[in-house]
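Chemist: my_file-v2.cif is reproduced in full below (mmCIF, C-alpha atoms, pLDDT in the B column; chains and numbers go by the auth columns).
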data_input
#
loop_
_atom_site.group_PDB
_atom_site.id
_atom_site.type_symbol
_atom_site.label_atom_id
_atom_site.label_comp_id
_atom_site.label_asym_id
_atom_site.label_seq_id
_atom_site.Cartn_x
_atom_site.Cartn_y
_atom_site.Cartn_z
_atom_site.B_iso_or_equiv
_atom_site.auth_seq_id
_atom_site.auth_asym_id
ATOM 1 C CA THR A 1 12.187 -2.943 25.688 45.00 1 T
ATOM 2 C CA GLN A 2 13.945 -3.773 22.428 45.00 2 T
ATOM 3 C CA GLY A 3 16.376 -6.047 24.225 50.00 3 T
ATOM 4 C CA ALA A 4 13.488 -8.333 25.267 80.00 4 T
ATOM 5 C CA PHE A 5 12.692 -9.067 21.634 85.00 5 T
ATOM 6 C CA THR A 6 13.964 -12.105 19.782 89.00 6 T
ATOM 7 C CA GLN A 7 15.857 -11.587 16.539 88.00 7 T
ATOM 8 C CA ALA A 8 12.860 -12.892 14.581 89.00 8 T
ATOM 9 C CA GLU A 9 10.573 -10.373 16.308 90.00 9 T
ATOM 10 C CA ARG A 10 13.004 -7.509 15.651 89.00 10 T
ATOM 11 C CA THR A 11 13.099 -8.528 11.985 89.00 11 T
ATOM 12 C CA ILE A 12 9.305 -8.190 11.777 91.00 12 T
ATOM 13 C CA VAL A 13 9.356 -4.696 13.293 92.00 13 T
ATOM 14 C CA GLU A 14 12.303 -3.525 11.170 91.00 14 T
ATOM 15 C CA ARG A 15 10.809 -4.785 7.923 91.00 15 T
ATOM 16 C CA THR A 16 7.388 -3.374 8.705 92.00 16 T
ATOM 17 C CA LEU A 17 8.866 0.075 9.307 92.00 17 T
ATOM 18 C CA GLY A 18 11.239 -0.334 6.364 91.00 18 T
ATOM 19 C CA PHE A 19 8.419 -0.993 3.944 92.00 19 T
ATOM 20 C CA PHE A 20 5.911 1.437 5.460 92.00 20 T
ATOM 21 C CA SER A 21 8.312 4.393 5.293 88.00 21 T
ATOM 22 C CA THR A 22 9.116 3.618 1.642 87.00 22 T
ATOM 23 C CA ALA A 23 5.466 3.056 0.731 91.00 23 T
ATOM 24 C CA GLU A 24 4.289 6.377 2.162 89.00 24 T
ATOM 25 C CA SER A 25 6.903 8.233 0.094 88.00 25 T
ATOM 26 C CA LEU A 26 5.874 6.379 -3.063 90.00 26 T
ATOM 27 C CA ALA A 27 2.200 7.122 -2.389 92.00 27 T
ATOM 28 C CA ALA A 28 2.897 10.836 -1.859 92.00 28 T
ATOM 29 C CA ASN A 29 4.971 11.014 -5.052 91.00 29 T
ATOM 30 C CA ASN A 30 2.185 9.319 -6.984 92.00 30 T
ATOM 31 C CA ILE A 31 -0.387 11.790 -5.680 94.00 31 T
ATOM 32 C CA ILE A 32 1.681 14.911 -6.311 92.00 32 T
ATOM 33 C CA PHE A 33 3.491 14.058 -9.542 91.00 33 T
ATOM 34 C CA ALA A 34 1.103 11.637 -11.273 92.00 34 T
ATOM 35 C CA LEU A 35 -2.524 11.878 -10.110 94.00 35 T
ATOM 36 C CA TYR A 36 -3.163 15.472 -9.103 94.00 36 T
ATOM 37 C CA LYS A 37 -2.639 17.111 -12.494 92.00 37 T
ATOM 38 C CA HIS A 38 -5.061 14.717 -14.199 93.00 38 T
ATOM 39 C CA ILE A 39 -7.941 15.076 -11.726 93.00 39 T
ATOM 40 C CA THR A 40 -10.107 18.169 -12.206 91.00 40 T
ATOM 41 C CA ALA A 41 -12.950 17.646 -9.701 93.00 41 T
ATOM 42 C CA PRO A 42 -12.234 20.250 -6.970 94.00 42 T
ATOM 43 C CA GLU A 43 -13.449 18.063 -4.117 94.00 43 T
ATOM 44 C CA LEU A 44 -11.132 15.238 -5.216 94.00 44 T
ATOM 45 C CA ARG A 45 -8.210 17.634 -5.589 95.00 45 T
ATOM 46 C CA LEU A 46 -8.779 18.841 -2.035 96.00 46 T
ATOM 47 C CA PHE A 47 -8.862 15.249 -0.813 96.00 47 T
ATOM 48 C CA LEU A 48 -5.616 14.421 -2.638 96.00 48 T
ATOM 49 C CA LEU A 49 -3.901 17.384 -0.970 95.00 49 T
ATOM 50 C CA ARG A 50 -5.134 16.184 2.402 96.00 50 T
ATOM 51 C CA GLN A 51 -4.003 12.648 1.582 96.00 51 T
ATOM 52 C CA ALA A 52 -0.527 13.868 0.610 95.00 52 T
ATOM 53 C CA LEU A 53 -0.272 15.659 3.960 95.00 53 T
ATOM 54 C CA GLU A 54 -1.396 12.523 5.797 96.00 54 T
ATOM 55 C CA GLU A 55 1.210 10.425 3.974 94.00 55 T
ATOM 56 C CA ALA A 56 3.877 12.907 5.117 93.00 56 T
ATOM 57 C CA ILE A 57 2.611 12.679 8.707 95.00 57 T
ATOM 58 C CA HIS A 58 2.725 8.879 8.477 94.00 58 T
ATOM 59 C CA THR A 59 6.347 9.010 7.331 92.00 59 T
ATOM 60 C CA GLU A 60 7.192 11.316 10.239 93.00 60 T
ATOM 61 C CA SER A 61 5.417 8.880 12.582 94.00 61 T
ATOM 62 C CA TYR A 62 7.569 5.980 11.361 93.00 62 T
ATOM 63 C CA GLN A 63 10.676 8.127 11.820 92.00 63 T
ATOM 64 C CA HIS A 64 9.585 8.852 15.406 93.00 64 T
ATOM 65 C CA ILE A 65 9.001 5.144 16.092 93.00 65 T
ATOM 66 C CA ILE A 66 12.400 4.185 14.648 91.00 66 T
ATOM 67 C CA GLU A 67 14.151 6.790 16.800 91.00 67 T
ATOM 68 C CA SER A 68 12.153 5.858 19.905 91.00 68 T
ATOM 69 C CA LEU A 69 13.122 2.185 19.531 89.00 69 T
ATOM 70 C CA SER A 70 16.804 3.138 18.947 88.00 70 T
ATOM 71 C CA MET A 71 16.785 1.246 15.658 89.00 71 T
ATOM 72 C CA ASP A 72 19.449 1.525 12.972 87.00 72 T
ATOM 73 C CA GLU A 73 17.864 4.185 10.733 87.00 73 T
ATOM 74 C CA GLU A 74 20.126 3.538 7.767 87.00 74 T
ATOM 75 C CA ARG A 75 19.378 -0.176 7.914 88.00 75 T
ATOM 76 C CA VAL A 76 15.610 0.381 8.095 88.00 76 T
ATOM 77 C CA PHE A 77 15.386 3.048 5.387 85.00 77 T
ATOM 78 C CA ASN A 78 17.565 1.044 2.987 87.00 78 T
ATOM 79 C CA MET A 79 15.471 -2.114 3.204 87.00 79 T
ATOM 80 C CA TYR A 80 13.686 -1.313 -0.048 83.00 80 T
ATOM 81 C CA HIS A 81 17.093 -1.653 -1.708 86.00 81 T
ATOM 82 C CA GLU A 82 18.381 -4.632 0.250 87.00 82 T
ATOM 83 C CA VAL A 83 15.401 -6.874 1.083 90.00 83 T
ATOM 84 C CA PRO A 84 14.016 -8.542 -2.074 92.00 84 T
ATOM 85 C CA SER A 85 10.442 -8.948 -0.792 92.00 85 T
ATOM 86 C CA ILE A 86 10.298 -5.201 0.011 92.00 86 T
ATOM 87 C CA SER A 87 12.097 -4.156 -3.164 93.00 87 T
ATOM 88 C CA ALA A 88 9.637 -6.166 -5.258 94.00 88 T
ATOM 89 C CA LYS A 89 6.671 -4.328 -3.740 94.00 89 T
ATOM 90 C CA ALA A 90 8.270 -0.922 -4.300 91.00 90 T
ATOM 91 C CA SER A 91 9.161 -1.814 -7.901 93.00 91 T
ATOM 92 C CA PHE A 92 5.578 -2.948 -8.525 95.00 92 T
ATOM 93 C CA ASN A 93 4.233 0.486 -7.644 92.00 93 T
ATOM 94 C CA ILE A 94 6.950 2.473 -9.406 91.00 94 T
ATOM 95 C CA LYS A 95 6.173 0.521 -12.583 92.00 95 T
ATOM 96 C CA HIS A 96 2.586 1.744 -12.547 91.00 96 T
ATOM 97 C CA THR A 97 3.497 5.417 -11.969 89.00 97 T
ATOM 98 C CA LYS A 98 5.971 6.025 -14.783 87.00 98 T
ATOM 99 C CA TYR A 99 3.565 6.523 -17.668 86.00 99 T
ATOM 100 C CA LEU A 100 1.444 9.077 -15.779 89.00 100 T
ATOM 101 C CA MET A 101 4.537 11.205 -15.097 86.00 101 T
ATOM 102 C CA ASP A 102 5.213 11.647 -18.817 86.00 102 T
ATOM 103 C CA GLU A 103 4.565 15.340 -19.599 86.00 103 T
ATOM 104 C CA THR A 104 2.724 14.383 -22.785 91.00 104 T
ATOM 105 C CA PHE A 105 0.309 12.033 -21.020 93.00 105 T
ATOM 106 C CA LYS A 106 -3.339 13.147 -21.180 93.00 106 T
ATOM 107 C CA LEU A 107 -6.648 11.498 -20.420 93.00 107 T
ATOM 108 C CA ASP A 108 -7.719 11.898 -24.019 92.00 108 T
ATOM 109 C CA SER A 109 -8.197 8.299 -25.114 95.00 109 T
ATOM 110 C CA ILE A 110 -9.628 5.000 -23.914 96.00 110 T
ATOM 111 C CA GLU A 111 -6.097 3.603 -23.698 96.00 111 T
ATOM 112 C CA ASN A 112 -4.852 6.423 -21.480 96.00 112 T
ATOM 113 C CA ILE A 113 -7.890 6.272 -19.204 97.00 113 T
ATOM 114 C CA GLN A 114 -7.158 2.565 -18.803 97.00 114 T
ATOM 115 C CA LYS A 115 -3.536 3.395 -17.901 96.00 115 T
ATOM 116 C CA PHE A 116 -4.855 5.843 -15.305 97.00 116 T
ATOM 117 C CA LEU A 117 -7.127 3.152 -13.876 97.00 117 T
ATOM 118 C CA LYS A 118 -4.212 0.708 -13.752 97.00 118 T
ATOM 119 C CA ASN A 119 -2.330 3.214 -11.619 96.00 119 T
ATOM 120 C CA LEU A 120 -5.300 3.460 -9.262 97.00 120 T
ATOM 121 C CA MET A 121 -5.574 -0.332 -9.088 97.00 121 T
ATOM 122 C CA ALA A 122 -1.877 -0.541 -8.170 96.00 122 T
ATOM 123 C CA TYR A 123 -1.986 2.183 -5.518 96.00 123 T
ATOM 124 C CA VAL A 124 -5.517 2.114 -4.096 96.00 124 T
ATOM 125 C CA ILE A 125 -6.322 -1.585 -4.305 97.00 125 T
ATOM 126 C CA VAL A 126 -2.850 -3.117 -3.954 97.00 126 T
ATOM 127 C CA MET A 127 -0.577 -0.620 -2.174 95.00 127 T
ATOM 128 C CA GLU A 128 -3.068 0.733 0.350 95.00 128 T
ATOM 129 C CA GLY A 129 -5.548 -2.124 0.139 96.00 129 T
ATOM 130 C CA LEU A 130 -3.170 -5.113 0.451 96.00 130 T
ATOM 131 C CA PHE A 131 0.501 -4.171 0.948 96.00 131 T
ATOM 132 C CA PHE A 132 0.007 -2.608 4.402 94.00 132 T
ATOM 133 C CA TYR A 133 -2.049 -5.384 5.909 95.00 133 T
ATOM 134 C CA VAL A 134 0.620 -7.903 6.896 95.00 134 T
ATOM 135 C CA GLY A 135 2.499 -5.169 8.760 94.00 135 T
ATOM 136 C CA PHE A 136 -0.667 -3.862 10.391 95.00 136 T
ATOM 137 C CA VAL A 137 -1.575 -7.299 11.728 95.00 137 T
ATOM 138 C CA GLN A 138 1.950 -8.021 12.963 95.00 138 T
ATOM 139 C CA ILE A 139 2.227 -4.757 14.896 95.00 139 T
ATOM 140 C CA PHE A 140 -1.269 -5.178 16.348 96.00 140 T
ATOM 141 C CA ALA A 141 -0.247 -8.678 17.470 95.00 141 T
ATOM 142 C CA PHE A 142 2.535 -7.095 19.528 94.00 142 T
ATOM 143 C CA GLY A 143 0.034 -4.563 20.872 94.00 143 T
ATOM 144 C CA ARG A 144 -2.336 -7.301 22.043 93.00 144 T
ATOM 145 C CA GLN A 145 0.525 -8.601 24.195 92.00 145 T
ATOM 146 C CA ASN A 146 1.066 -5.097 25.605 93.00 146 T
ATOM 147 C CA ARG A 147 4.347 -4.850 23.708 93.00 147 T
ATOM 148 C CA LEU A 148 5.066 -1.775 21.572 94.00 148 T
ATOM 149 C CA PRO A 149 1.785 -0.208 22.779 94.00 149 T
ATOM 150 C CA GLY A 150 2.701 3.274 21.520 94.00 150 T
ATOM 151 C CA THR A 151 3.695 1.940 18.131 94.00 151 T
ATOM 152 C CA ALA A 152 0.479 -0.074 17.864 96.00 152 T
ATOM 153 C CA GLU A 153 -1.563 3.020 18.728 96.00 153 T
ATOM 154 C CA GLN A 154 0.148 5.108 16.043 95.00 154 T
ATOM 155 C CA ILE A 155 -0.335 2.335 13.483 95.00 155 T
ATOM 156 C CA LYS A 156 -4.035 2.210 14.415 96.00 156 T
ATOM 157 C CA PHE A 157 -4.435 5.896 13.546 96.00 157 T
ATOM 158 C CA ILE A 158 -2.528 5.383 10.302 96.00 158 T
ATOM 159 C CA MET A 159 -4.767 2.439 9.386 96.00 159 T
ATOM 160 C CA ILE A 160 -7.846 4.654 9.828 96.00 160 T
ATOM 161 C CA ASP A 161 -6.349 7.151 7.353 96.00 161 T
ATOM 162 C CA GLU A 162 -5.539 4.370 4.898 95.00 162 T
ATOM 163 C CA ALA A 163 -9.108 3.064 5.100 95.00 163 T
ATOM 164 C CA ASN A 164 -10.353 6.524 4.099 95.00 164 T
ATOM 165 C CA HIS A 165 -7.860 6.617 1.214 96.00 165 T
ATOM 166 C CA ILE A 166 -9.092 3.234 -0.009 97.00 166 T
ATOM 167 C CA SER A 167 -12.753 4.259 0.235 96.00 167 T
ATOM 168 C CA THR A 168 -12.220 7.458 -1.750 96.00 168 T
ATOM 169 C CA GLY A 169 -9.978 5.680 -4.264 96.00 169 T
ATOM 170 C CA VAL A 170 -12.593 2.984 -4.848 98.00 170 T
ATOM 171 C CA ASN A 171 -15.232 5.671 -5.430 97.00 171 T
ATOM 172 C CA LEU A 172 -12.882 7.361 -7.916 96.00 172 T
ATOM 173 C CA ILE A 173 -12.276 4.096 -9.786 97.00 173 T
ATOM 174 C CA ASN A 174 -15.985 3.333 -9.984 98.00 174 T
ATOM 175 C CA GLY A 175 -16.780 6.921 -10.988 96.00 175 T
ATOM 176 C CA ILE A 176 -14.304 6.771 -13.880 96.00 176 T
ATOM 177 C CA LYS A 177 -15.810 3.466 -14.992 97.00 177 T
ATOM 178 C CA GLN A 178 -19.311 4.963 -14.927 96.00 178 T
ATOM 179 C CA GLU A 179 -18.270 8.066 -16.878 95.00 179 T
ATOM 180 C CA ASN A 180 -16.277 6.063 -19.419 96.00 180 T
ATOM 181 C CA PRO A 181 -18.069 2.724 -19.947 91.00 181 T
ATOM 182 C CA GLY A 182 -15.958 2.007 -23.019 95.00 182 T
ATOM 183 C CA VAL A 183 -12.863 1.407 -20.875 97.00 183 T
ATOM 184 C CA TRP A 184 -14.360 -1.469 -18.852 97.00 184 T
ATOM 185 C CA THR A 185 -13.960 -4.222 -21.444 97.00 185 T
ATOM 186 C CA GLU A 186 -13.576 -7.889 -20.523 97.00 186 T
ATOM 187 C CA GLU A 187 -9.955 -7.747 -21.659 98.00 187 T
ATOM 188 C CA PHE A 188 -9.250 -4.721 -19.470 98.00 188 T
ATOM 189 C CA GLN A 189 -10.990 -6.304 -16.495 98.00 189 T
ATOM 190 C CA GLN A 190 -8.618 -9.255 -16.860 98.00 190 T
ATOM 191 C CA GLU A 191 -5.656 -6.858 -16.925 97.00 191 T
ATOM 192 C CA CYS A 192 -6.897 -5.269 -13.684 98.00 192 T
ATOM 193 C CA GLN A 193 -7.325 -8.695 -12.101 98.00 193 T
ATOM 194 C CA ASP A 194 -3.781 -9.596 -13.127 97.00 194 T
ATOM 195 C CA ILE A 195 -2.403 -6.410 -11.527 97.00 195 T
ATOM 196 C CA ILE A 196 -4.198 -7.106 -8.252 98.00 196 T
ATOM 197 C CA LEU A 197 -3.229 -10.799 -8.221 98.00 197 T
ATOM 198 C CA GLU A 198 0.407 -9.871 -8.885 98.00 198 T
ATOM 199 C CA GLY A 199 0.249 -7.592 -5.839 97.00 199 T
ATOM 200 C CA LEU A 200 -1.457 -10.309 -3.785 98.00 200 T
ATOM 201 C CA ASN A 201 1.319 -12.782 -4.562 97.00 201 T
ATOM 202 C CA LEU A 202 3.989 -10.210 -3.659 97.00 202 T
ATOM 203 C CA GLU A 203 2.347 -9.635 -0.281 97.00 203 T
ATOM 204 C CA ILE A 204 2.030 -13.387 0.343 96.00 204 T
ATOM 205 C CA GLU A 205 5.765 -13.730 -0.357 96.00 205 T
ATOM 206 C CA TYR A 206 6.454 -10.804 1.976 95.00 206 T
ATOM 207 C CA ALA A 207 4.466 -12.559 4.727 94.00 207 T
ATOM 208 C CA LYS A 208 6.517 -15.743 4.211 93.00 208 T
ATOM 209 C CA ASP A 209 9.724 -13.708 4.268 91.00 209 T
ATOM 210 C CA THR A 210 8.936 -11.834 7.477 90.00 210 T
ATOM 211 C CA MET A 211 7.392 -14.817 9.243 89.00 211 T
ATOM 212 C CA PRO A 212 8.951 -18.075 8.010 86.00 212 T
ATOM 213 C CA GLU A 213 7.989 -19.669 11.320 85.00 213 T
ATOM 214 C CA GLY A 214 4.927 -19.081 13.467 86.00 214 T
ATOM 215 C CA MET A 215 4.986 -16.484 16.250 87.00 215 T
ATOM 216 C CA LEU A 216 2.634 -14.016 17.933 87.00 216 T
ATOM 217 C CA GLY A 217 -0.193 -16.496 17.256 89.00 217 T
ATOM 218 C CA LEU A 218 0.359 -16.008 13.506 92.00 218 T
ATOM 219 C CA ASN A 219 2.030 -17.826 10.628 92.00 219 T
ATOM 220 C CA ALA A 220 2.519 -17.385 6.879 91.00 220 T
ATOM 221 C CA LYS A 221 -0.312 -19.801 5.976 93.00 221 T
ATOM 222 C CA LEU A 222 -2.821 -17.800 8.017 95.00 222 T
ATOM 223 C CA PHE A 223 -1.596 -14.640 6.314 95.00 223 T
ATOM 224 C CA GLU A 224 -2.117 -16.214 2.891 96.00 224 T
ATOM 225 C CA GLN A 225 -5.742 -17.026 3.746 97.00 225 T
ATOM 226 C CA TYR A 226 -6.265 -13.561 5.258 97.00 226 T
ATOM 227 C CA LEU A 227 -4.791 -11.758 2.228 98.00 227 T
ATOM 228 C CA LYS A 228 -6.917 -13.771 -0.208 98.00 228 T
ATOM 229 C CA TYR A 229 -9.982 -12.836 1.836 98.00 229 T
ATOM 230 C CA ILE A 230 -9.067 -9.130 1.661 97.00 230 T
ATOM 231 C CA CYS A 231 -8.275 -9.457 -2.057 98.00 231 T
ATOM 232 C CA ASN A 232 -11.755 -10.868 -2.698 98.00 232 T
ATOM 233 C CA ARG A 233 -13.242 -7.860 -0.904 97.00 233 T
ATOM 234 C CA ARG A 234 -11.196 -5.522 -3.109 98.00 234 T
ATOM 235 C CA PHE A 235 -12.365 -7.322 -6.256 98.00 235 T
ATOM 236 C CA ILE A 236 -15.991 -6.865 -5.180 98.00 236 T
ATOM 237 C CA GLN A 237 -15.447 -3.162 -4.376 98.00 237 T
ATOM 238 C CA VAL A 238 -14.365 -2.377 -7.951 98.00 238 T
ATOM 239 C CA GLY A 239 -16.782 -4.736 -9.698 97.00 239 T
ATOM 240 C CA LEU A 240 -14.443 -7.586 -10.548 97.00 240 T
ATOM 241 C CA PRO A 241 -15.340 -11.265 -10.047 94.00 241 T
#
Translate the structure described by the file into structure tokens.
Modeler:
Amino acid sequence: TQGAFTQAERTIVERTLGFFSTAESLAANNIIFALYKHITAPELRLFLLRQALEEAIHTESYQHIIESLSMDEERVFNMYHEVPSISAKASFNIKHTKYLMDETFKLDSIENIQKFLKNLMAYVIVMEGLFFYVGFVQIFAFGRQNRLPGTAEQIKFIMIDEANHISTGVNLINGIKQENPGVWTEEFQQECQDIILEGLNLEIEYAKDTMPEGMLGLNAKLFEQYLKYICNRRFIQVGLP
């Protein structure tokens, strides 16, 4: 099956799996090492444990796909080092995790609650709410042509999980805002917008990088419009203009 793919099509599949496998690991690390210790609501803690398990299952799913397609595992798993558009997305999320992993960090001030919210904006709204969507669409485009049907089916199940993660994350963001109205200043809202727009631009660049020319009925310009549409939905979900 892989032999019937053009080089451009193989690049799309490799980069999708290269980013997805990296992203799931970053998300799991953020849950376990950054978020979990600062969240005390038992129902949310249970959900985070479930989410961490789902992220691990997603990573195993990508590994299975890579092996099934006889892809170069080292090449795929090293893309976050070697492909600038993937590396930039990974670096974006790592940047917003570091301060929560400091052992002295506590949710004991407006400033620190805002840092916590910035992490959620980066992971819930950008990572899970924007960074996966180019890859999802590209793999589903193959599936519509009855190519990579098993891969498309697995990605569909993963997308359902991610939608649940986004929904719960949005509720958490809005709950924190409601409990701590002092954090939601105009200045902080602008900072949140800037974080999301930075992520949007990174995903637009990723779309251009993976699809410099049109194929599968798609092109980078369509992706830009699509991502801006999704970004507007994310803004509305967290109460931003």
Chemist: Report the residues retrieved by the PyMOL selection byres ((chain T and resi 120-129) around 9) from the displayed file, expressed as an MDAnalysis selection string.
Modeler: chainID T and resid 23 27 30 35 89 92:93 96:97 115:119 130:133 162:163 165:170 172:173 192 195:200 230:231 234:235 238
Chemist: Could you state the separation of CA of Ile158 in chain T and CA of Phe47 in chain T in Å, given to one decimal place?
Modeler: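 Going from CA of Ile158 in chain T over to CA of Phe47 in chain T, I get 16.2 Å.
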Chemist: Which one of T:Asp102, T:Glu43, T:Glu187, T:Glu14 sits closest to Arg75 in chain T if you count all atoms listed in the file?
Modeler: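 So, comparing all the options, the nearest one is T:Glu14.
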Chemist: Apply the PyMOL selection byres ((chain T and resi 10) around 12) to the structure shown and report the selected residues as a list in words.
Modeler: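 Going through the file, the PyMOL selection byres ((chain T and resi 10) around 12) ends up selecting Thr1, Gln2, Gly3, Ala4, Phe5, Thr6, Gln7, Ala8, Glu9, Thr11, Ile12, Val13, Glu14, Arg15, Thr16, Leu17, Gly18, Ile66, Leu69, Ser70, Met71, Asp72, Val76, Gln138, Ile139, Phe142, Leu148, Thr210 and Met211 of chain T.
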Chemist: Evaluate the PyMOL selection byres ((chain T and resi 104-106) around 10) on the structure here and hand back the selected residues as a ChimeraX atom specification.
Modeler: /T:34,37-38,99-103,107-109,112-113,115-116
Chemist: Just want the 12 Å neighbourhood of Glu54 in chain T, counted on only C-alpha atoms, with same-chain residues fewer than 6 positions away dropped. Output as a list of chain:residue names.
Modeler: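 Once the nearby chain positions are removed, what remains is T:Glu24, T:Ser25, T:Ala27, T:Ala28, T:Ile31, T:Phe47, T:Leu48, T:Glu60, T:Ser61, T:Phe157, T:Ile158, T:Met159, T:Ile160, T:Asp161, T:Glu162, T:Asn164, T:His165.
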Chemist: Rounded to one decimal, what separation in Å do you get between CA of Asn29 in chain T and CA of Ala41 in chain T?
Modeler: 19.7 Å
